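Pasting final-v5.cif here (mmCIF, C-alpha atoms and all ligand atoms):
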data_input
#
loop_
_atom_site.label_atom_id
_atom_site.label_comp_id
_atom_site.auth_asym_id
_atom_site.auth_seq_id
_atom_site.Cartn_x
_atom_site.Cartn_y
_atom_site.Cartn_z
CA MET W 1 -4.82 4.51 12.51
CA ARG W 2 -3.19 5.02 9.15
CA LEU W 3 -0.27 2.62 9.59
CA ALA W 4 -1.90 -0.19 11.55
CA GLY W 5 0.05 -3.43 11.05
CA LYS W 6 2.84 -1.72 9.08
CA THR W 7 6.55 -2.02 9.74
CA ALA W 8 8.95 0.85 9.10
CA LEU W 9 12.67 1.61 9.00
CA ILE W 10 13.77 5.21 9.55
CA THR W 11 17.44 6.14 9.20
CA GLY W 12 18.47 9.03 11.41
CA GLY W 13 15.47 8.31 13.62
CA ASN W 14 17.05 9.52 16.84
CA SER W 15 16.75 13.26 16.11
CA GLY W 16 14.83 16.00 14.35
CA ILE W 17 12.65 15.03 11.37
CA GLY W 18 13.42 11.30 11.71
CA LEU W 19 12.40 11.19 15.37
CA ALA W 20 9.26 13.27 14.76
CA THR W 21 8.32 10.83 11.98
CA ALA W 22 9.03 7.81 14.18
CA LYS W 23 6.72 9.21 16.89
CA LEU W 24 3.97 9.85 14.36
CA PHE W 25 4.36 6.40 12.78
CA VAL W 26 4.13 4.68 16.19
CA ALA W 27 1.08 6.79 17.07
CA GLU W 28 -0.47 5.65 13.77
CA GLY W 29 0.01 1.98 14.63
CA ALA W 30 3.35 1.12 12.99
CA LYS W 31 6.25 -0.84 14.40
CA VAL W 32 9.35 1.25 13.78
CA THR W 33 13.08 0.59 13.67
CA ILE W 34 15.23 3.70 13.94
CA THR W 35 18.94 3.98 13.22
CA GLY W 36 21.67 6.49 14.02
CA ARG W 37 25.24 6.65 15.31
CA ASP W 38 24.78 8.41 18.64
CA LYS W 39 24.08 5.70 21.20
CA ALA W 40 22.77 8.03 23.93
CA ARG W 41 20.30 9.73 21.61
CA LEU W 42 19.23 6.33 20.24
CA GLU W 43 18.51 5.08 23.76
CA ALA W 44 16.61 8.25 24.66
CA ALA W 45 14.55 7.98 21.46
CA ALA W 46 13.81 4.29 22.05
CA LYS W 47 12.57 5.10 25.55
CA GLU W 48 10.34 7.85 24.21
CA LEU W 49 8.95 5.66 21.41
CA GLY W 50 8.12 2.66 23.61
CA ALA W 51 7.63 -1.04 22.92
CA ASN W 52 6.72 -0.69 19.23
CA ALA W 53 10.15 0.69 18.40
CA LEU W 54 13.64 -0.76 18.03
CA ALA W 55 16.76 1.42 18.02
CA VAL W 56 19.80 0.12 16.14
CA GLU W 57 23.22 1.73 16.13
CA ALA W 58 24.31 1.89 12.48
CA ASP W 59 26.26 4.33 10.36
CA VAL W 60 24.38 4.79 7.07
CA THR W 61 27.65 4.98 5.17
CA ASP W 62 28.56 1.46 6.36
CA ILE W 63 26.75 -0.94 4.01
CA ALA W 64 27.34 -4.02 6.18
CA ALA W 65 26.01 -2.19 9.26
CA MET W 66 22.87 -1.19 7.35
CA GLU W 67 22.36 -4.78 6.18
CA ARG W 68 22.61 -5.88 9.81
CA ALA W 69 20.15 -3.15 10.87
CA VAL W 70 17.62 -4.32 8.27
CA ALA W 71 18.05 -7.92 9.43
CA GLN W 72 17.47 -6.86 13.06
CA ALA W 73 14.38 -4.87 12.09
CA ALA W 74 12.94 -7.81 10.16
CA ALA W 75 13.75 -10.28 12.94
CA LYS W 76 11.97 -8.12 15.52
CA PHE W 77 8.95 -6.81 13.60
CA GLY W 78 8.77 -8.73 10.29
CA LYS W 79 9.32 -7.60 6.70
CA LEU W 80 9.27 -3.88 5.96
CA ASP W 81 6.40 -1.86 4.49
CA ILE W 82 8.04 1.56 4.79
CA VAL W 83 11.60 2.86 4.46
CA PHE W 84 12.32 6.51 5.22
CA ALA W 85 15.91 7.22 4.11
CA ASN W 86 16.23 10.36 6.17
CA ALA W 87 19.71 10.46 7.75
CA GLY W 88 21.75 13.36 6.45
CA ILE W 89 24.36 15.97 7.27
CA PRO W 90 24.65 19.62 6.20
CA GLY W 91 28.36 20.29 5.57
CA SER W 92 29.66 23.57 4.27
CA THR W 93 31.72 23.16 1.07
CA PRO W 94 32.51 26.65 -0.27
CA LEU W 95 34.48 27.00 -3.49
CA GLY W 96 38.10 27.79 -2.70
CA SER W 97 38.48 26.07 0.68
CA THR W 98 36.91 22.62 0.50
CA SER W 99 38.80 19.35 0.86
CA LEU W 100 37.97 16.26 -1.16
CA ASP W 101 37.18 14.43 2.09
CA ALA W 102 34.68 17.06 3.23
CA PHE W 103 32.94 17.05 -0.16
CA GLU W 104 32.82 13.27 -0.42
CA GLN W 105 31.56 12.85 3.15
CA VAL W 106 28.45 14.86 2.29
CA ILE W 107 27.87 12.92 -0.93
CA ARG W 108 28.50 9.59 0.82
CA THR W 109 26.06 10.35 3.63
CA ASN W 110 23.27 12.13 1.73
CA LEU W 111 23.32 10.41 -1.67
CA THR W 112 25.31 7.17 -1.71
CA ALA W 113 23.92 6.01 1.65
CA PRO W 114 20.21 6.36 0.72
CA PHE W 115 20.89 4.22 -2.35
CA PHE W 116 22.53 1.48 -0.28
CA THR W 117 19.90 1.80 2.46
CA VAL W 118 17.24 0.97 -0.10
CA GLN W 119 19.39 -1.79 -1.58
CA ALA W 120 19.96 -3.28 1.89
CA ALA W 121 16.23 -3.11 2.65
CA LEU W 122 15.13 -4.63 -0.65
CA PRO W 123 15.29 -8.34 0.33
CA GLN W 124 13.14 -7.57 3.38
CA LEU W 125 10.71 -5.24 1.63
CA ASN W 126 7.11 -6.32 1.09
CA ASP W 127 5.53 -5.83 -2.32
CA GLY W 128 3.46 -2.64 -2.17
CA ALA W 129 5.92 -0.97 0.19
CA SER W 130 6.57 2.76 0.30
CA ILE W 131 10.05 4.29 0.21
CA ILE W 132 10.54 7.96 1.02
CA LEU W 133 13.84 9.75 0.45
CA ASN W 134 14.64 13.02 2.23
CA SER W 135 15.91 15.75 -0.09
CA SER W 136 15.92 19.53 0.54
CA VAL W 137 14.98 22.84 -1.04
CA ILE W 138 18.74 23.38 -1.32
CA ALA W 139 18.59 20.95 -4.27
CA VAL W 140 17.14 23.80 -6.32
CA LEU W 141 17.98 27.05 -4.49
CA GLY W 142 21.64 27.73 -5.23
CA ASN W 143 22.54 28.70 -1.64
CA PRO W 144 26.21 29.79 -1.46
CA GLY W 145 28.55 27.37 0.32
CA TYR W 146 26.41 24.29 -0.25
CA SER W 147 27.72 22.70 -3.46
CA ALA W 148 28.08 19.17 -2.08
CA TYR W 149 24.83 19.32 -0.11
CA ALA W 150 22.91 20.69 -3.12
CA ALA W 151 24.43 18.07 -5.42
CA SER W 152 23.60 15.29 -2.96
CA LYS W 153 19.99 16.39 -2.55
CA ALA W 154 19.49 17.01 -6.29
CA GLY W 155 20.94 13.53 -6.81
CA VAL W 156 18.30 12.14 -4.48
CA ARG W 157 15.54 13.63 -6.68
CA GLY W 158 16.95 11.96 -9.79
CA MET W 159 17.70 8.68 -8.07
CA ALA W 160 14.18 8.40 -6.64
CA ARG W 161 12.62 8.40 -10.11
CA VAL W 162 14.96 5.64 -11.27
CA MET W 163 14.19 3.58 -8.18
CA ALA W 164 10.46 4.16 -8.70
CA ALA W 165 10.77 2.87 -12.26
CA GLU W 166 12.74 -0.18 -11.17
CA LEU W 167 10.38 -1.05 -8.30
CA SER W 168 7.02 -0.29 -9.93
CA PRO W 169 6.67 -3.93 -11.09
CA ARG W 170 6.50 -4.84 -7.38
CA ASN W 171 4.05 -2.00 -6.71
CA ILE W 172 6.70 -0.42 -4.49
CA ARG W 173 6.44 3.36 -4.47
CA VAL W 174 9.41 5.71 -4.17
CA ASN W 175 8.82 9.38 -3.46
CA VAL W 176 10.79 12.35 -2.17
CA VAL W 177 10.07 14.85 0.57
CA ALA W 178 11.95 18.13 0.18
CA PRO W 179 11.87 20.22 3.35
CA GLY W 180 12.62 23.91 3.61
CA ALA W 181 14.44 25.11 6.73
CA ALA W 182 13.03 23.26 9.73
CA ARG W 183 13.73 23.74 13.44
CA THR W 184 15.94 20.71 14.22
CA PRO W 185 19.42 20.09 15.67
CA ILE W 186 20.87 20.10 12.13
CA TRP W 187 21.46 23.85 12.46
CA LYS W 188 23.63 23.55 15.60
CA GLY W 189 26.89 23.78 13.66
CA ALA W 190 25.93 26.82 11.58
CA VAL W 191 23.81 28.57 14.25
CA PRO W 192 25.62 27.99 17.54
CA ASN W 193 23.37 29.59 20.19
CA GLU W 194 19.77 30.59 20.91
CA GLN W 195 20.34 34.22 20.00
CA ALA W 196 21.83 33.30 16.62
CA MET W 197 18.97 30.83 16.08
CA ALA W 198 16.39 33.57 16.73
CA VAL W 199 18.07 35.80 14.12
CA PHE W 200 18.24 32.87 11.68
CA GLU W 201 14.58 31.96 12.21
CA LYS W 202 13.54 35.57 11.62
CA ARG W 203 15.47 35.60 8.34
CA ILE W 204 13.80 32.35 7.26
CA ALA W 205 10.38 33.70 8.25
CA LEU W 206 10.92 36.84 6.17
CA SER W 207 11.90 34.82 3.10
CA THR W 208 9.14 32.21 3.45
CA PRO W 209 5.68 33.01 2.03
CA LEU W 210 3.97 31.28 4.99
CA GLY W 211 6.12 33.43 7.30
CA ARG W 212 7.78 30.85 9.54
CA ILE W 213 10.42 28.18 9.85
CA ALA W 214 9.02 24.62 9.57
CA GLU W 215 8.59 22.35 12.55
CA ALA W 216 9.82 18.76 12.20
CA ASP W 217 6.16 17.71 12.46
CA HIS W 218 5.27 19.52 9.24
CA ILE W 219 7.69 17.24 7.43
CA ALA W 220 6.70 14.13 9.41
CA LYS W 221 3.02 14.55 8.45
CA THR W 222 3.94 14.70 4.77
CA VAL W 223 6.09 11.60 5.15
CA LEU W 224 3.10 9.89 6.82
CA PHE W 225 1.00 10.74 3.75
CA LEU W 226 3.64 9.28 1.43
CA ALA W 227 4.07 6.21 3.65
CA SER W 228 0.36 5.44 3.97
CA ASP W 229 -2.21 4.14 1.53
CA ASP W 230 -3.56 7.71 1.26
CA SER W 231 -0.88 8.17 -1.41
CA ALA W 232 -1.45 4.76 -3.03
CA HIS W 233 -1.27 6.17 -6.60
CA VAL W 234 1.55 8.67 -5.96
CA GLN W 235 4.75 7.44 -7.60
CA GLY W 236 8.10 9.13 -8.26
CA VAL W 237 7.11 12.61 -7.09
CA GLU W 238 8.81 15.19 -4.92
CA ILE W 239 6.78 17.14 -2.37
CA PHE W 240 8.24 20.43 -1.18
CA VAL W 241 7.35 21.17 2.43
CA ASP W 242 8.76 24.68 2.47
CA GLY W 243 5.97 27.18 3.11
CA GLY W 244 6.18 28.28 -0.53
CA THR W 245 9.89 29.14 -0.58
CA THR W 246 10.71 27.47 -3.88
CA GLY W 247 7.41 27.88 -5.74
CA LEU W 248 6.51 31.48 -4.93
CA PRO W 249 9.53 33.30 -3.49
CA ALA W 250 8.04 36.70 -4.39
CA GLY W 251 5.17 35.95 -2.00
CA ALA W 252 7.53 36.12 1.00
CA PRO W 253 7.00 38.81 3.69
CA ILE W 254 10.25 40.51 2.66
CA TYR W 255 8.63 41.48 -0.67
CA ARG W 256 5.29 42.66 0.77
CA GLY W 257 4.01 46.22 1.18
P1 LIG W 301 19.20 16.19 12.65
O1 LIG W 301 18.27 16.44 13.77
O2 LIG W 301 20.62 16.63 12.75
O3 LIG W 301 19.12 14.66 12.25
C1 LIG W 301 20.03 14.06 11.37
C2 LIG W 301 19.92 12.58 11.60
O4 LIG W 301 20.77 11.91 10.67
C3 LIG W 301 20.35 12.18 13.00
O5 LIG W 301 19.47 11.22 13.47
C4 LIG W 301 21.73 11.58 12.79
O6 LIG W 301 22.00 10.59 13.76
C5 LIG W 301 21.55 10.97 11.40
N1 LIG W 301 22.82 10.77 10.71
C6 LIG W 301 23.67 11.68 10.18
N2 LIG W 301 24.73 11.08 9.66
C7 LIG W 301 24.57 9.75 9.87
C8 LIG W 301 25.34 8.60 9.57
N3 LIG W 301 26.52 8.68 8.94
N4 LIG W 301 24.86 7.40 9.93
C9 LIG W 301 23.67 7.29 10.57
N5 LIG W 301 22.89 8.33 10.88
C10 LIG W 301 23.35 9.54 10.52
O7 LIG W 301 18.66 16.92 11.33
P2 LIG W 301 17.24 16.89 10.56
O8 LIG W 301 16.96 18.29 10.23
O9 LIG W 301 16.24 16.09 11.26
O10 LIG W 301 17.71 16.16 9.21
C11 LIG W 301 17.10 15.02 8.68
C12 LIG W 301 17.14 15.07 7.18
O11 LIG W 301 16.36 16.20 6.73
C13 LIG W 301 18.54 15.25 6.57
O12 LIG W 301 18.68 14.42 5.44
C14 LIG W 301 18.55 16.71 6.15
O13 LIG W 301 19.43 16.94 5.08
C15 LIG W 301 17.09 16.91 5.75
N6 LIG W 301 16.68 18.32 5.74
C16 LIG W 301 16.64 19.04 6.88
C17 LIG W 301 16.26 20.37 6.83
C18 LIG W 301 16.21 21.24 8.06
O14 LIG W 301 16.16 22.47 7.94
N7 LIG W 301 16.19 20.68 9.27
C19 LIG W 301 15.90 20.96 5.61
C20 LIG W 301 15.97 20.17 4.46
C21 LIG W 301 16.34 18.85 4.52
P3 LIG W 301 23.43 10.39 14.43
O15 LIG W 301 24.05 11.74 14.59
O16 LIG W 301 23.15 9.68 15.72
O17 LIG W 301 24.19 9.53 13.49
#

Re-express the file's structure as structure tokens.
Amino acid sequence: MRLAGKTALITGGNSGIGLATAKLFVAEGAKVTITGRDKARLEAAAKELGANALAVEADVTDIAAMERAVAQAAAKFGKLDIVFANAGIPGSTPLGSTSLDAFEQVIRTNLTAPFFTVQAALPQLNDGASIILNSSVIAVLGNPGYSAYAASKAGVRGMARVMAAELSPRNIRVNVVAPGAARTPIWKGAVPNEQAMAVFEKRIALSTPLGRIAEADHIAKTVLFLASDDSAHVQGVEIFVDGGTTGLPAGAPIYRG
């Protein structure tokens, strides 16, 4: 077991990539606290994860709530070895029709909140801990309609390196996972039904060198690597888990033959 005796906090752990990671962490021996806003999904996730998990209702944009969540995690399972700042929202912000509120909500959730999640966790973080921040390929892809999301995720890349520099004296590692499109509930707003999802997945498969949309587990397994001692000398990096989308776009099926 790669996380035996370790304690983890995962924001947005009641759905998608966060929940897949929580399941993997528990299976690898960790005690895991998950957070989210949706009480029903938190309860369902807690049931699925079993006795080595704690579900705490907390909005990541509420600093006091996150401080309370960290305190609850530490009280139940002890000081933290792993923080996965994963909670995030998509949010369409096209030029010409975007309100300040809509833009700032994306930045607050995806960029400001990971900073304050780490800051809230810091007093309860063991030396030698591992922090993983969730970014996205959108940080570098220039997808139309995603200015705030792209800015938030690009901000995460920059912020992670600063955090890694600040926390290296405590041997705390900070790294970034940058997923490509993955099959999770995040797409519900943009892709409203199964038929639309099938069309969307086909488009992603055609533009992805490995020819498929990611599963949440693909990302979770990379987060496990970054969380565990297998990555003990990996500091301040960003790992794209995107089937080659950003590194070798011309290798995608759409360009073949
Ligand atoms: P998801 O299934 O929709 O999960 C998002 C999670 O974030 C949920 O657990 C949600 O919980 C939580 N969350 C959102 N806003 C929150 C808030 N204000 N306070 C607390 N929790 C909040 O989507 P996902 O795909 O797993 O996304 C996880 C992360 O991966 C995000 O940062 C996303 O940007 C990133 N990502 C996803 C993809 C993809 O294609 N799926 C690609 C690149 C990057 P509640 O709703 O209960 O609050």

Please give me, as an MDAnalysis selection string, the residues lying within 8 Å of ligand LIG 301 (chain W) when counting only C-alpha atoms and all ligand atoms.
-> chainID W and resid 11:19 35:39 41:42 57:62 85:90 109:110 134:138 149 153 178:187 214 216

Quick one: residues within 12 Å of (7.9, 1.4, 22.5) (file frame), counting all atoms listed in the file, please, as an MDAnalysis selection string.
-> chainID W and resid 22:23 25:27 29:34 43:55

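Distance check against W:Val156 using all atoms listed in the file: of W:Ile131, W:Leu111, W:Val199, W:Ala40, the minimum falls on W:Leu111.
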
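For the pair atom CA of W:Gly236 and atom CA of W:Ala160, the separation is 6.3 Å.
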
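Going from atom CA of W:Val237 over to atom CA of W:Val118, you cover 16.9 Å.
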
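Ranking W:Thr245, W:Gln195, W:Thr208, W:Gln235 by their shortest atom-to-atom distance to W:Val174, with only C-alpha atoms included, puts W:Gln235 first.
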
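Across W:Ile63, W:Ala150, W:Asn175, W:Asp217, the tightest approach to W:Val162 is made by W:Asn175 when counting all atoms listed in the file.
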
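Interatomic distance, atom CA of W:Phe240 against atom CA of W:Gly155: 15.5 Å.
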